[in-house]
Every structure is written in structure tokens, then in C-alpha cells.
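Okay, entry-v3.txt is below, compact mmCIF, C-alpha atoms:
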```txt
# COMPACT_ATOMS: atom_id res chain seq x y z
CA MET A 36 -1.21 52.45 26.94
CA THR A 37 -0.71 53.39 30.56
CA ALA A 38 -0.84 57.20 30.76
CA THR A 39 -4.20 58.93 31.14
CA PRO A 40 -4.73 60.89 27.94
CA THR A 41 -5.11 64.63 27.81
CA ILE A 42 -8.15 65.84 25.87
CA ARG A 43 -7.82 69.02 23.83
CA ARG A 44 -9.16 70.73 20.74
CA ALA A 45 -7.31 69.66 17.65
CA GLU A 46 -4.87 72.05 16.03
CA PRO A 47 -3.46 72.19 12.49
CA ARG A 48 -0.47 70.08 13.63
CA ASP A 49 -2.95 67.20 14.26
CA ALA A 50 -4.29 67.13 10.70
CA ALA A 51 -2.14 64.23 9.45
CA ALA A 52 -3.07 62.02 12.42
CA ILE A 53 -6.78 62.82 12.08
CA ALA A 54 -6.75 62.11 8.33
CA ALA A 55 -4.96 58.80 8.96
CA PHE A 56 -7.52 57.92 11.66
CA ASN A 57 -10.43 58.74 9.33
CA THR A 58 -8.93 56.54 6.64
CA ALA A 59 -8.37 53.66 9.07
CA MET A 60 -11.87 53.99 10.55
CA ALA A 61 -13.58 53.90 7.13
CA ASN A 62 -11.61 50.80 6.21
CA GLU A 63 -12.14 49.01 9.55
CA THR A 64 -15.84 49.74 9.99
CA GLU A 65 -17.14 49.89 6.43
CA GLY A 66 -14.45 48.34 4.25
CA LYS A 67 -14.21 51.61 2.33
CA VAL A 68 -10.99 53.05 0.95
CA LEU A 69 -11.02 56.83 1.09
CA VAL A 70 -9.27 59.12 -1.37
CA PRO A 71 -6.34 60.51 0.68
CA GLU A 72 -6.31 63.93 -0.99
CA ARG A 73 -10.04 64.42 -0.30
CA VAL A 74 -9.75 63.31 3.34
CA ASN A 75 -6.70 65.50 3.94
CA ALA A 76 -8.46 68.50 2.39
CA GLY A 77 -11.59 67.81 4.43
CA VAL A 78 -9.68 67.67 7.71
CA GLN A 79 -7.75 70.83 6.84
CA ARG A 80 -10.95 72.64 5.91
CA LEU A 81 -12.69 71.86 9.20
CA LEU A 82 -9.61 72.83 11.19
CA GLY A 83 -9.50 76.13 9.32
CA ASP A 84 -13.23 76.94 9.55
CA PRO A 85 -14.72 76.67 13.06
CA SER A 86 -18.22 77.25 11.67
CA LEU A 87 -18.07 73.68 10.31
CA GLY A 88 -17.31 72.12 13.70
CA PHE A 89 -14.29 71.03 15.64
CA TYR A 90 -12.16 68.01 16.46
CA LEU A 91 -11.10 66.81 19.87
CA VAL A 92 -8.00 64.69 20.24
CA ALA A 93 -6.79 62.44 23.03
CA GLU A 94 -3.05 62.71 23.54
CA SER A 95 -0.93 60.33 25.59
CA ALA A 96 2.84 60.57 26.04
CA GLY A 97 2.98 63.18 23.26
CA GLU A 98 1.12 61.00 20.76
CA VAL A 99 -2.44 61.44 19.49
CA VAL A 100 -4.24 58.19 20.32
CA GLY A 101 -7.81 59.10 19.48
CA CYS A 102 -10.11 61.73 18.07
CA LEU A 103 -13.65 62.67 17.28
CA MET A 104 -15.30 65.38 15.25
CA VAL A 105 -18.27 67.50 16.33
CA THR A 106 -20.62 69.18 13.86
CA ASN A 107 -23.82 71.13 14.45
CA GLU A 108 -27.46 70.42 13.67
CA TRP A 109 -30.01 73.11 14.43
CA SER A 110 -33.21 71.87 16.11
CA ASP A 111 -36.11 74.26 15.76
CA TRP A 112 -38.15 71.92 17.97
CA ARG A 113 -35.72 72.51 20.84
CA ASN A 114 -34.39 75.95 19.90
CA GLY A 115 -30.90 74.58 20.29
CA LEU A 116 -28.04 72.76 18.64
CA PHE A 117 -27.43 69.05 18.61
CA TRP A 118 -23.78 68.20 18.46
CA TRP A 119 -23.18 65.32 16.06
CA ILE A 120 -20.25 63.17 17.13
CA GLN A 121 -18.52 61.79 14.06
CA SER A 122 -15.23 60.37 12.86
CA VAL A 123 -14.55 58.59 16.14
CA TYR A 124 -11.28 56.69 16.14
CA ILE A 125 -9.11 55.27 18.88
CA VAL A 126 -5.81 53.59 17.99
CA PRO A 127 -6.02 49.82 18.58
CA ALA A 128 -3.53 49.83 21.48
CA ALA A 129 -5.67 52.40 23.34
CA ARG A 130 -9.08 50.79 22.83
CA ARG A 131 -11.03 49.63 25.86
CA THR A 132 -8.87 51.84 28.12
CA GLY A 133 -11.33 54.71 28.63
CA VAL A 134 -10.04 57.03 25.90
CA TYR A 135 -13.44 57.42 24.24
CA ARG A 136 -15.09 57.92 27.65
CA ARG A 137 -12.69 60.79 28.33
CA LEU A 138 -13.45 62.35 24.93
CA TYR A 139 -17.19 61.99 25.52
CA ASP A 140 -16.98 63.39 29.06
CA HIS A 141 -15.13 66.39 27.65
CA ILE A 142 -17.92 66.97 25.13
CA ARG A 143 -20.45 66.79 27.97
CA GLN A 144 -18.52 69.41 29.94
CA LEU A 145 -18.36 71.73 26.94
CA ALA A 146 -22.10 71.32 26.35
CA GLU A 147 -22.96 71.96 30.00
CA ALA A 148 -21.12 75.28 29.74
CA ASP A 149 -23.09 76.26 26.60
CA PRO A 150 -26.85 76.79 27.07
CA GLY A 151 -27.36 76.62 23.28
CA ILE A 152 -26.52 72.90 23.12
CA CYS A 153 -29.55 70.63 23.56
CA GLY A 154 -27.94 67.20 23.14
CA PHE A 155 -25.70 64.84 21.20
CA ARG A 156 -26.26 62.50 18.31
CA LEU A 157 -24.15 60.05 16.40
CA TYR A 158 -24.57 57.33 13.88
CA VAL A 159 -22.98 53.92 14.07
CA GLU A 160 -22.73 51.03 11.65
CA LYS A 161 -25.54 48.51 12.19
CA ASP A 162 -23.06 45.67 12.73
CA ASN A 163 -20.69 47.54 15.07
CA THR A 164 -22.10 46.10 18.29
CA THR A 165 -18.96 46.92 20.29
CA ALA A 166 -19.39 50.63 19.58
CA GLN A 167 -23.12 50.41 20.24
CA ARG A 168 -22.47 48.93 23.69
CA THR A 169 -19.93 51.67 24.41
CA TYR A 170 -22.36 54.44 23.47
CA GLY A 171 -25.12 52.84 25.51
CA SER A 172 -22.89 52.53 28.56
CA LEU A 173 -22.33 56.30 28.42
CA GLY A 174 -26.05 57.04 28.53
CA MET A 175 -26.86 57.31 24.83
CA SER A 176 -29.88 55.43 23.48
CA GLU A 177 -30.95 54.27 20.05
CA THR A 178 -33.47 56.57 18.38
CA ASP A 179 -36.47 55.82 16.21
CA TYR A 180 -34.82 57.46 13.19
CA LEU A 181 -33.06 55.93 10.22
CA ILE A 182 -30.45 57.90 8.28
CA TYR A 183 -30.77 58.39 4.53
CA GLU A 184 -28.29 60.06 2.22
CA GLU A 185 -27.70 60.88 -1.40
CA LEU A 186 -24.16 61.59 -2.53
CA LYS A 187 -23.52 64.13 -5.24
CA GLN A 188 -23.13 62.37 -8.58
CA GLY A 189 -19.81 62.50 -10.40
CA VAL A 190 -17.64 63.03 -7.33
CA ASN A 191 -15.14 60.35 -6.32
CA TYR A 192 -15.17 59.91 -2.54
CA PHE A 193 -13.81 56.38 -2.41
CA GLY A 194 -10.76 54.80 -3.99
```

Let me see the file written as C-alpha cells.
Amino acid sequence: MTATPTIRRAEPRDAAAIAAFNTAMANETEGKVLVPERVNAGVQRLLGDPSLGFYLVAESAGEVVGCLMVTNEWSDWRNGLFWWIQSVYIVPAARRTGVYRRLYDHIRQLAEADPGICGFRLYVEKDNTTAQRTYGSLGMSETDYLIYEELKQGVNYFG
């Protein structure tokens, strides 16, 4: 990849690429196979309901080469919103070329323009040291928190 990517908010026309990226990311980082219909519906729902969050995409030479999703977490301690960065994916040919840095810088610019944003958070697989180094190089630091979850019983999320 040689062209500097353009960063923009995702649009409905980006849904197929984002769903494919989410599927690839789950497989690459966690060895999980996602249910395509559920992922496609999830991407479409977020794109259609801005209250859930938004996606940014990196586009180079007319092709989407990376994306991330931003969702909100209210912090009563800070009287502001944390933006959770999720579903980060950069196509293999564009990795280590600054695409994620451009996406992250764009998020920073958006947050600086919005006094209601108090910071960013993300989670990363424990074994994904490459991503951890990338996030650290951008000024993020590991927190003292662990993440716990409970998935709703009887719902098939993985194939």
C-alpha cells in the first residue's frame, strides 16, 4: 500500500467490508468463527442507529483497508463519555504502514472537538503483543481493570 488513506465515517455502502473485517479479526485474534448473518445484522444495526456508536474506515485508492468501531461508556466519576475503540481491523497488506495511527489520530481530533468526551478505552487479547505495542506507542496505557462478561444463554454467536 502506497497511498495515504483517507479517514471517514463509515456509510451503509461499507457494511460488507466491515462485516468481513470483523469476521477475519475474530478468526485471526481469537480463533472464533462468527455467524455471518449475526455479524452482518450487527454492522447494519450500528450503521443505522448512531446512538449505538459509529465506525471509521480508512480508504486507499477507492478500497477500504481498515476500520474501527466506537461505542460510548458513561463515566459518572468524570461526568463524561469514554469512547471504546472496538472491532479494529487493518487488511494485512496495509498493516505497519500507519493506517491505525491515522484512524486513532482522527478519533483524537473528534474527541478534542467534543467537550463531553473524557478519554478512550479498548480491550486487547492478552497474547496480542503486537497490538499492545501499537496502542502503547500512541500513548495508551494498560489499566488496573480486568474485563468480565456473561453472554446471554441460548443465543448462537459463534459458528

Restricting the calculation to only C-alpha atoms, which member of A:Tyr180, A:Tyr124, A:Phe117, A:Tyr139 is positioned closest to Ala61 (chain A)? A:Tyr124

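Shortest separation to Val105 (chain A) among A:Ala148, A:Ala50, A:Val68, A:Ala45 occurs at residue A:Ala45, atoms counted being only C-alpha atoms.
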
For region 73-83 of chain A, take all atoms listed in the file, fit an axis-aligned box around them, add 5 Å to each of the six sides, then output centre and edge lengths in Å rounded to one decimal, as AutoDock Vina command-line options.
```
--center_x -9.7 --center_y 69.7 --center_z 5.4 --size_x 16.0 --size_y 22.8 --size_z 21.5
```

Within 12 Å of Gly77 (chain A) using all atoms listed in the file, minus same-chain residues under 3 positions, as an mmCIF file with C-alpha atoms, in the frame of the given file:
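That gives us out.cif:
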```
data_model
loop_
_atom_site.group_PDB
_atom_site.id
_atom_site.type_symbol
_atom_site.label_atom_id
_atom_site.label_comp_id
_atom_site.auth_asym_id
_atom_site.auth_seq_id
_atom_site.Cartn_x
_atom_site.Cartn_y
_atom_site.Cartn_z
ATOM 1 C CA ALA A 50 -4.290 67.130 10.700
ATOM 2 C CA ALA A 51 -2.140 64.230 9.450
ATOM 3 C CA ILE A 53 -6.780 62.820 12.080
ATOM 4 C CA ALA A 54 -6.750 62.110 8.330
ATOM 5 C CA ASN A 57 -10.430 58.740 9.330
ATOM 6 C CA THR A 58 -8.930 56.540 6.640
ATOM 7 C CA LEU A 69 -11.020 56.830 1.090
ATOM 8 C CA VAL A 70 -9.270 59.120 -1.370
ATOM 9 C CA PRO A 71 -6.340 60.510 0.680
ATOM 10 C CA GLU A 72 -6.310 63.930 -0.990
ATOM 11 C CA ARG A 73 -10.040 64.420 -0.300
ATOM 12 C CA VAL A 74 -9.750 63.310 3.340
ATOM 13 C CA ARG A 80 -10.950 72.640 5.910
ATOM 14 C CA LEU A 81 -12.690 71.860 9.200
ATOM 15 C CA LEU A 82 -9.610 72.830 11.190
ATOM 16 C CA GLY A 83 -9.500 76.130 9.320
ATOM 17 C CA ASP A 84 -13.230 76.940 9.550
ATOM 18 C CA LEU A 87 -18.070 73.680 10.310
ATOM 19 C CA GLY A 88 -17.310 72.120 13.700
ATOM 20 C CA PHE A 89 -14.290 71.030 15.640
ATOM 21 C CA MET A 104 -15.300 65.380 15.250
ATOM 22 C CA SER A 122 -15.230 60.370 12.860
ATOM 23 C CA TYR A 192 -15.170 59.910 -2.540
#
```

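As for CA of Pro40 (chain A) and CA of Leu116 (chain A), they are spaced 27.8 Å apart.
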
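Proximity ranking of A:Asn114, A:Thr132, A:Thr164, A:Gln79 relative to Ala93 (chain A) places A:Thr132 first, based on all atoms listed in the file.
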
Would you mind exporting region 73-131 of chain A with C-alpha atoms, as a PDB file, in the first residue's frame?
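Result went into result-v9.pdb, see below:
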```pdb
ATOM      1  CA  ARG A  73     -25.456 -12.093  13.005  1.00  0.00           C
ATOM      2  CA  VAL A  74     -22.342 -10.057  12.152  1.00  0.00           C
ATOM      3  CA  ASN A  75     -23.964  -8.555   9.055  1.00  0.00           C
ATOM      4  CA  ALA A  76     -27.069  -7.626  11.058  1.00  0.00           C
ATOM      5  CA  GLY A  77     -24.923  -6.147  13.835  1.00  0.00           C
ATOM      6  CA  VAL A  78     -22.953  -3.963  11.441  1.00  0.00           C
ATOM      7  CA  GLN A  79     -26.129  -2.827   9.682  1.00  0.00           C
ATOM      8  CA  ARG A  80     -27.784  -2.011  13.003  1.00  0.00           C
ATOM      9  CA  LEU A  81     -24.934   0.194  14.209  1.00  0.00           C
ATOM     10  CA  LEU A  82     -24.741   1.975  10.862  1.00  0.00           C
ATOM     11  CA  GLY A  83     -28.472   2.645  11.068  1.00  0.00           C
ATOM     12  CA  ASP A  84     -28.571   3.761  14.720  1.00  0.00           C
ATOM     13  CA  PRO A  85     -25.993   6.434  15.649  1.00  0.00           C
ATOM     14  CA  SER A  86     -26.953   6.144  19.329  1.00  0.00           C
ATOM     15  CA  LEU A  87     -25.078   2.821  19.361  1.00  0.00           C
ATOM     16  CA  GLY A  88     -21.818   4.318  18.078  1.00  0.00           C
ATOM     17  CA  PHE A  89     -20.072   4.747  14.785  1.00  0.00           C
ATOM     18  CA  TYR A  90     -17.447   3.206  12.538  1.00  0.00           C
ATOM     19  CA  LEU A  91     -14.492   4.915  10.955  1.00  0.00           C
ATOM     20  CA  VAL A  92     -12.939   3.488   7.825  1.00  0.00           C
ATOM     21  CA  ALA A  93      -9.579   4.041   6.176  1.00  0.00           C
ATOM     22  CA  GLU A  94      -9.857   4.168   2.405  1.00  0.00           C
ATOM     23  CA  SER A  95      -6.948   3.971  -0.021  1.00  0.00           C
ATOM     24  CA  ALA A  96      -7.242   4.032  -3.808  1.00  0.00           C
ATOM     25  CA  GLY A  97     -11.012   3.562  -3.505  1.00  0.00           C
ATOM     26  CA  GLU A  98     -10.720   0.485  -1.296  1.00  0.00           C
ATOM     27  CA  VAL A  99     -11.492   0.202   2.419  1.00  0.00           C
ATOM     28  CA  VAL A 100      -8.277  -1.033   4.048  1.00  0.00           C
ATOM     29  CA  GLY A 101      -9.140  -0.681   7.713  1.00  0.00           C
ATOM     30  CA  CYS A 102     -11.816   0.187  10.225  1.00  0.00           C
ATOM     31  CA  LEU A 103     -12.665   0.593  13.846  1.00  0.00           C
ATOM     32  CA  MET A 104     -15.864   0.967  15.814  1.00  0.00           C
ATOM     33  CA  VAL A 105     -16.503   3.485  18.592  1.00  0.00           C
ATOM     34  CA  THR A 106     -19.113   2.940  21.304  1.00  0.00           C
ATOM     35  CA  ASN A 107     -19.906   5.005  24.391  1.00  0.00           C
ATOM     36  CA  GLU A 108     -19.477   4.377  28.104  1.00  0.00           C
ATOM     37  CA  TRP A 109     -20.811   6.964  30.520  1.00  0.00           C
ATOM     38  CA  SER A 110     -18.470   7.818  33.412  1.00  0.00           C
ATOM     39  CA  ASP A 111     -20.229   9.415  36.351  1.00  0.00           C
ATOM     40  CA  TRP A 112     -16.822   9.842  38.007  1.00  0.00           C
ATOM     41  CA  ARG A 113     -15.724  12.115  35.165  1.00  0.00           C
ATOM     42  CA  ASN A 114     -19.101  13.444  34.017  1.00  0.00           C
ATOM     43  CA  GLY A 115     -18.158  12.462  30.504  1.00  0.00           C
ATOM     44  CA  LEU A 116     -18.094   9.717  27.920  1.00  0.00           C
ATOM     45  CA  PHE A 117     -15.322   7.260  27.297  1.00  0.00           C
ATOM     46  CA  TRP A 118     -15.134   6.181  23.706  1.00  0.00           C
ATOM     47  CA  TRP A 119     -14.489   2.452  23.471  1.00  0.00           C
ATOM     48  CA  ILE A 120     -12.458   1.558  20.398  1.00  0.00           C
ATOM     49  CA  GLN A 121     -13.518  -1.858  19.153  1.00  0.00           C
ATOM     50  CA  SER A 122     -13.521  -4.059  16.075  1.00  0.00           C
ATOM     51  CA  VAL A 123     -10.151  -2.768  14.883  1.00  0.00           C
ATOM     52  CA  TYR A 124      -9.031  -4.359  11.648  1.00  0.00           C
ATOM     53  CA  ILE A 125      -6.428  -3.430   9.072  1.00  0.00           C
ATOM     54  CA  VAL A 126      -6.040  -5.563   5.931  1.00  0.00           C
ATOM     55  CA  PRO A 127      -2.745  -7.490   6.025  1.00  0.00           C
ATOM     56  CA  ALA A 128      -1.179  -5.560   3.117  1.00  0.00           C
ATOM     57  CA  ALA A 129      -1.775  -2.259   4.959  1.00  0.00           C
ATOM     58  CA  ARG A 130      -0.501  -3.281   8.398  1.00  0.00           C
ATOM     59  CA  ARG A 131       2.506  -1.492   9.852  1.00  0.00           C
TER      60      ARG A 131
END
```
